[in-house]
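Chemist: Quick one: structure below, then a few questions.
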Amino acid sequence: MIIGVPREVKPGEQRVARTPAGVRALVEAGHRVIVERDAGAGSSIRDEEYTREQATAASVAEVWAQADLILKVKEPIAEEYPRMRPGQILFTYLHLAAVPELARALQAADVIAIAYETVQRPDGSLPLLAPMSEVAGRLAVQEGAFYLAKAHGGRGILLAGVPGVPPGNVAVLGAGTVGVNAARIALGLGADVSILDINLDRLRAVDDLFHGRVITLMSNSFNVDQVLRRTDLLVGAVLVAGARAPVLVTKEMVATMKEGSVIVDVAVDQGGSIETIHPTTLLDPIYVVSGVVHYGVANMPALVPRTSTFALTNATLPYVLELAGRGVQAAVRRNPALARGANVWRGRIVHPAVAHALGERATALEAVLE
Ligand SMILES: NC(=O)c1ccc[n+]([C@@H]2O[C@H](COP(=O)([O-])OP(=O)(O)OC[C@H]3O[C@@H](n4cnc5c(N)ncnc54)[C@H](O)[C@@H]3O)[C@@H](O)[C@H]2O)c1
């Protein structure tokens, strides 16, 4: 197959859909890879690093005109719509439920669009979302530690403490991928860490993983209330799949927090679980409510595009090899996780949740396969 990797053009996006290691794996499997010039620049990957692995460096027009399979990170934006060709396969983050006009553009372009975020294993896990949750969870504590510094608006706390001075207190709401990764970094820094979840099995897993060094608490209003009074850094990491994040911390509760403490609500992309949080940007990440620093960056992985690129492409590569190696029809027939990823198939919406968000009925994937 001919596999194309365009440069990302959505404002602020610095990631790229393939690394040199991924190019080598695809070339070794017998495919041809075309990478747009400068596609890796935002992730500090030079064109020569791709061409050394036998990729062809090309213009954006050449990539879209020649590739059977286009690999991207973000959804196509309007300037890219006319570049799509009938029958072309597009594999990228799409988030179609939020952008109906893109769904229509994909239908009109007659492409096969497979979304990273809906690739789902039979156990319900989302293997192409997890790497970005790992990045965001780890980053949440790194960013929180930064804003706890006095000069950055915080209380003036070193999370590790020093001999004779106790460490800072970190509370994490939600013990999923983001939460566990946040707890890991907080523990590594030497902080005093608590984690709350409504799922006791998640808390058991945390207890095992960290050998009892992270305090696990059932998530309920009483416990959240207690924890907040001594927290220096609160990380929001709650998710109820397919729904708005539940508000666990009211504005009255925020007012009980220590002056100069910091909230990083990673779940802000789903509305957030702290009543006073609203989305912010990497250029203007924080604001203060009731003396508490609020950090609500909705695209945290963009702060570390190089790490995020490698994390994302490690996860997507096996699916790319399968799509390219078997062809898209055989690949989705064989791999149910990949089949769940199919969103738009040559004019038809084939993902139930996407169709629902667009106010129509999905066409069964079986019906569009030859
Ligand atoms: N801001 C960003 O840049 C960024 C990046 C990646 C992920 N996210 C977001 O972070 C959030 C968490 O993602 P994840 O991958 O960790 O999800 P996950 O499904 O792995 O974990 C969510 C956890 O929340 C728990 N939970 C649900 N209701 C709860 C409650 N009332 N109290 C406490 N815990 C509760 C669940 O039991 C689960 O363990 C999502 O909204 C995701 O979109 C944001």
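Ordered as shown in the structure tokens, chains take letters A, B, and onward, while each chain numbers its residues from 1 and ligands are numbered from 1 in the order shown.
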Find the residues of stretch 23-49 of chain A that sit at most 7 Å from stretch 1-7 of chain A; for each, write down the nearest two atoms and how far apart they are in Å, to one decimal. Count only C-alpha atoms. Sort by chain, then by number going up, and give it as JSON lines.
Modeler:
```
{"residue": "A:His31", "atom": "CA", "partner": "A:Met1", "partner_atom": "CA", "distance": 5.1}
{"residue": "A:Arg32", "atom": "CA", "partner": "A:Ile2", "partner_atom": "CA", "distance": 4.8}
{"residue": "A:Val33", "atom": "CA", "partner": "A:Ile3", "partner_atom": "CA", "distance": 4.8}
{"residue": "A:Ile34", "atom": "CA", "partner": "A:Gly4", "partner_atom": "CA", "distance": 4.8}
{"residue": "A:Val35", "atom": "CA", "partner": "A:Val5", "partner_atom": "CA", "distance": 4.7}
{"residue": "A:Glu36", "atom": "CA", "partner": "A:Pro6", "partner_atom": "CA", "distance": 5.0}
{"residue": "A:Asp38", "atom": "CA", "partner": "A:Arg7", "partner_atom": "CA", "distance": 6.8}
{"residue": "A:Ala39", "atom": "CA", "partner": "A:Arg7", "partner_atom": "CA", "distance": 4.0}
```
Chemist: Once you have the residues from the selection above, write them out as a CSV table (one decimal), in the first residue's frame, restricted to all heavy atoms.
Modeler:
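Just written: again_14.csv:
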```
chain,number,residue,atom,x,y,z
A,31,HIS,N,5.5,-1.9,2.2
A,31,HIS,CA,4.7,-0.7,1.8
A,31,HIS,C,5.6,0.5,1.4
A,31,HIS,O,6.8,0.5,1.7
A,31,HIS,CB,3.8,-0.3,3.0
A,31,HIS,CG,3.0,-1.4,3.5
A,31,HIS,ND1,2.0,-2.0,2.7
A,31,HIS,CD2,3.0,-2.1,4.6
A,31,HIS,CE1,1.4,-3.0,3.4
A,31,HIS,NE2,2.0,-3.1,4.6
A,32,ARG,N,5.0,1.4,0.7
A,32,ARG,CA,5.7,2.7,0.4
A,32,ARG,C,5.2,3.8,1.2
A,32,ARG,O,4.0,3.9,1.4
A,32,ARG,CB,5.4,3.0,-1.1
A,32,ARG,CG,6.6,3.7,-1.8
A,32,ARG,CD,6.3,4.0,-3.2
A,32,ARG,NE,6.5,5.4,-3.4
A,32,ARG,CZ,5.9,6.2,-4.2
A,32,ARG,NH1,4.9,5.7,-5.0
A,32,ARG,NH2,6.1,7.5,-4.2
A,33,VAL,N,6.1,4.6,1.8
A,33,VAL,CA,5.6,5.7,2.7
A,33,VAL,C,6.1,7.0,2.1
A,33,VAL,O,7.2,7.2,1.8
A,33,VAL,CB,6.2,5.5,4.1
A,33,VAL,CG1,5.7,6.6,5.1
A,33,VAL,CG2,6.0,4.1,4.7
A,34,ILE,N,5.1,7.9,2.1
A,34,ILE,CA,5.4,9.3,1.6
A,34,ILE,C,5.1,10.3,2.7
A,34,ILE,O,4.0,10.3,3.3
A,34,ILE,CB,4.4,9.7,0.4
A,34,ILE,CG1,4.3,8.6,-0.6
A,34,ILE,CG2,4.9,11.0,-0.3
A,34,ILE,CD1,3.3,8.9,-1.6
A,35,VAL,N,6.1,11.0,3.1
A,35,VAL,CA,6.0,12.0,4.2
A,35,VAL,C,6.1,13.4,3.7
A,35,VAL,O,7.0,13.7,3.0
A,35,VAL,CB,7.0,11.7,5.3
A,35,VAL,CG1,6.9,12.6,6.5
A,35,VAL,CG2,7.0,10.2,5.8
A,36,GLU,N,5.1,14.2,4.1
A,36,GLU,CA,5.2,15.6,3.7
A,36,GLU,C,6.5,16.3,4.3
A,36,GLU,O,6.8,16.0,5.4
A,36,GLU,CB,4.0,16.4,4.1
A,36,GLU,CG,4.0,17.8,3.5
A,36,GLU,CD,2.8,18.6,4.0
A,36,GLU,OE1,1.7,18.1,4.4
A,36,GLU,OE2,2.9,19.9,3.9
A,38,ASP,N,8.8,18.6,6.2
A,38,ASP,CA,8.6,19.3,7.5
A,38,ASP,C,7.5,18.7,8.4
A,38,ASP,O,7.2,19.4,9.4
A,38,ASP,CB,8.3,20.8,7.2
A,38,ASP,CG,9.4,21.7,7.4
A,38,ASP,OD1,10.5,21.1,7.8
A,38,ASP,OD2,9.3,22.9,7.2
A,39,ALA,N,7.0,17.6,8.0
A,39,ALA,CA,5.9,17.0,8.8
A,39,ALA,C,6.3,16.8,10.3
A,39,ALA,O,5.5,16.9,11.2
A,39,ALA,CB,5.3,15.7,8.2
```
Chemist: Please tabulate, as a Markdown table, the residues of chain A that come within 6 Å of ligand 1, each with its closest pair of atoms and the distance in Å to one decimal, counting only C-alpha atoms and all ligand atoms and ordering rows by chain, then residue number upward.
Modeler:
```
| residue | atom | partner | partner_atom_place_in_ligand_line | distance |
| --- | --- | --- | --- | --- |
| A:Ala130 | CA | ligand 1 | 15 (O) | 5.7 |
| A:Met132 | CA | ligand 1 | 6 (C) | 4.9 |
| A:Ser133 | CA | ligand 1 | 6 (C) | 3.8 |
| A:Ala136 | CA | ligand 1 | 5 (C) | 4.8 |
| A:Leu173 | CA | ligand 1 | 33 (C) | 5.2 |
| A:Gly174 | CA | ligand 1 | 34 (N) | 3.6 |
| A:Ala175 | CA | ligand 1 | 39 (O) | 4.4 |
| A:Gly176 | CA | ligand 1 | 21 (O) | 3.1 |
| A:Thr177 | CA | ligand 1 | 16 (O) | 3.7 |
| A:Val178 | CA | ligand 1 | 16 (O) | 3.6 |
| A:Gly179 | CA | ligand 1 | 16 (O) | 5.7 |
| A:Leu196 | CA | ligand 1 | 33 (C) | 5.5 |
| A:Asp197 | CA | ligand 1 | 34 (N) | 3.6 |
| A:Ile198 | CA | ligand 1 | 33 (C) | 5.0 |
| A:Asn199 | CA | ligand 1 | 37 (O) | 4.9 |
| A:Arg202 | CA | ligand 1 | 39 (O) | 5.9 |
| A:Ser219 | CA | ligand 1 | 32 (N) | 4.8 |
| A:Ala237 | CA | ligand 1 | 12 (C) | 4.5 |
| A:Val238 | CA | ligand 1 | 24 (O) | 3.5 |
| A:Leu239 | CA | ligand 1 | 22 (C) | 4.0 |
| A:Val240 | CA | ligand 1 | 27 (C) | 5.1 |
| A:Val266 | CA | ligand 1 | 1 (N) | 4.1 |
| A:Ala267 | CA | ligand 1 | 41 (O) | 3.8 |
| A:Val268 | CA | ligand 1 | 1 (N) | 5.9 |
| A:Asp269 | CA | ligand 1 | 1 (N) | 5.6 |
| A:Gln270 | CA | ligand 1 | 41 (O) | 4.9 |
| A:Val297 | CA | ligand 1 | 1 (N) | 5.6 |
| A:Ala298 | CA | ligand 1 | 1 (N) | 3.9 |
| A:Asn299 | CA | ligand 1 | 3 (O) | 3.6 |
| A:Met300 | CA | ligand 1 | 3 (O) | 3.6 |
| A:Pro301 | CA | ligand 1 | 3 (O) | 5.6 |
```
Chemist: Could you work out how far atom CA of A:Gln107 lies from atom CA of A:Arg346, giving the answer in Å with one decimal?
Modeler: 6.3 Å
Chemist: Which residues in stretch 165-199 of chain A does DSSP call strand (DSSP E or B)? List them as a count of residues only.
Modeler: 12
Chemist: To one decimal place in Å, what is the distance between atom CA of A:Val193 and atom CA of A:Ala171?
Modeler: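 Answer for the atom CA of A:Val193 to atom CA of A:Ala171 separation: 5.9 Å.
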Chemist: Calculated over only C-alpha atoms, which of the candidates A:Asp110, A:Asp68, A:Glu80, A:Asp232 has the smallest distance to A:Ala145?
Modeler: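 For A:Ala145, the nearest of the given residues is A:Asp232.
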Chemist: For the structure I just gave you, how does DSSP split stretch 8-220 of chain A - specifically, which residues are helix (DSSP H, G or I)? Reply as a PyMOL selection string.
Modeler: chain A and resi 20-28+41-43+47-51+60-66+78-83+96-98+100-109+116-118+130-147+150-152+177-189+200-209
Chemist: As an exercise, work out the distance from atom CA of A:Ala21 to atom CA of A:Leu312 in Å and give it to one decimal place.
Modeler: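 Distance reported for this atom pair: 12.7 Å.
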Chemist: Leaving out A:Arg24 and any residue of its chain fewer than 2 positions from it, which residues lie within 10 Å of it when counting only C-alpha atoms, given as a list in words?
Modeler: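 My reading of the contact set: Thr19, Pro20, Ala21, Gly22, Leu26, Val27, Glu28, Ala29, Gly30, His31, Val33, Tyr50, Thr51, Arg52, Glu53, Gln54 and Ala55 of chain A.
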Chemist: Dump as a Markdown table the rows for residues of stretch 71-106 of chain A within 10 Å of stretch 318-340 of chain A: closest atom pair and distance in Å with one decimal, only C-alpha atoms counted, ordered by chain and rising residue number.
Modeler:
```
| residue | atom | partner | partner_atom | distance |
| --- | --- | --- | --- | --- |
| A:Leu71 | CA | A:Val320 | CA | 8.4 |
| A:Ile89 | CA | A:Val328 | CA | 7.9 |
| A:Phe91 | CA | A:Val320 | CA | 8.2 |
```
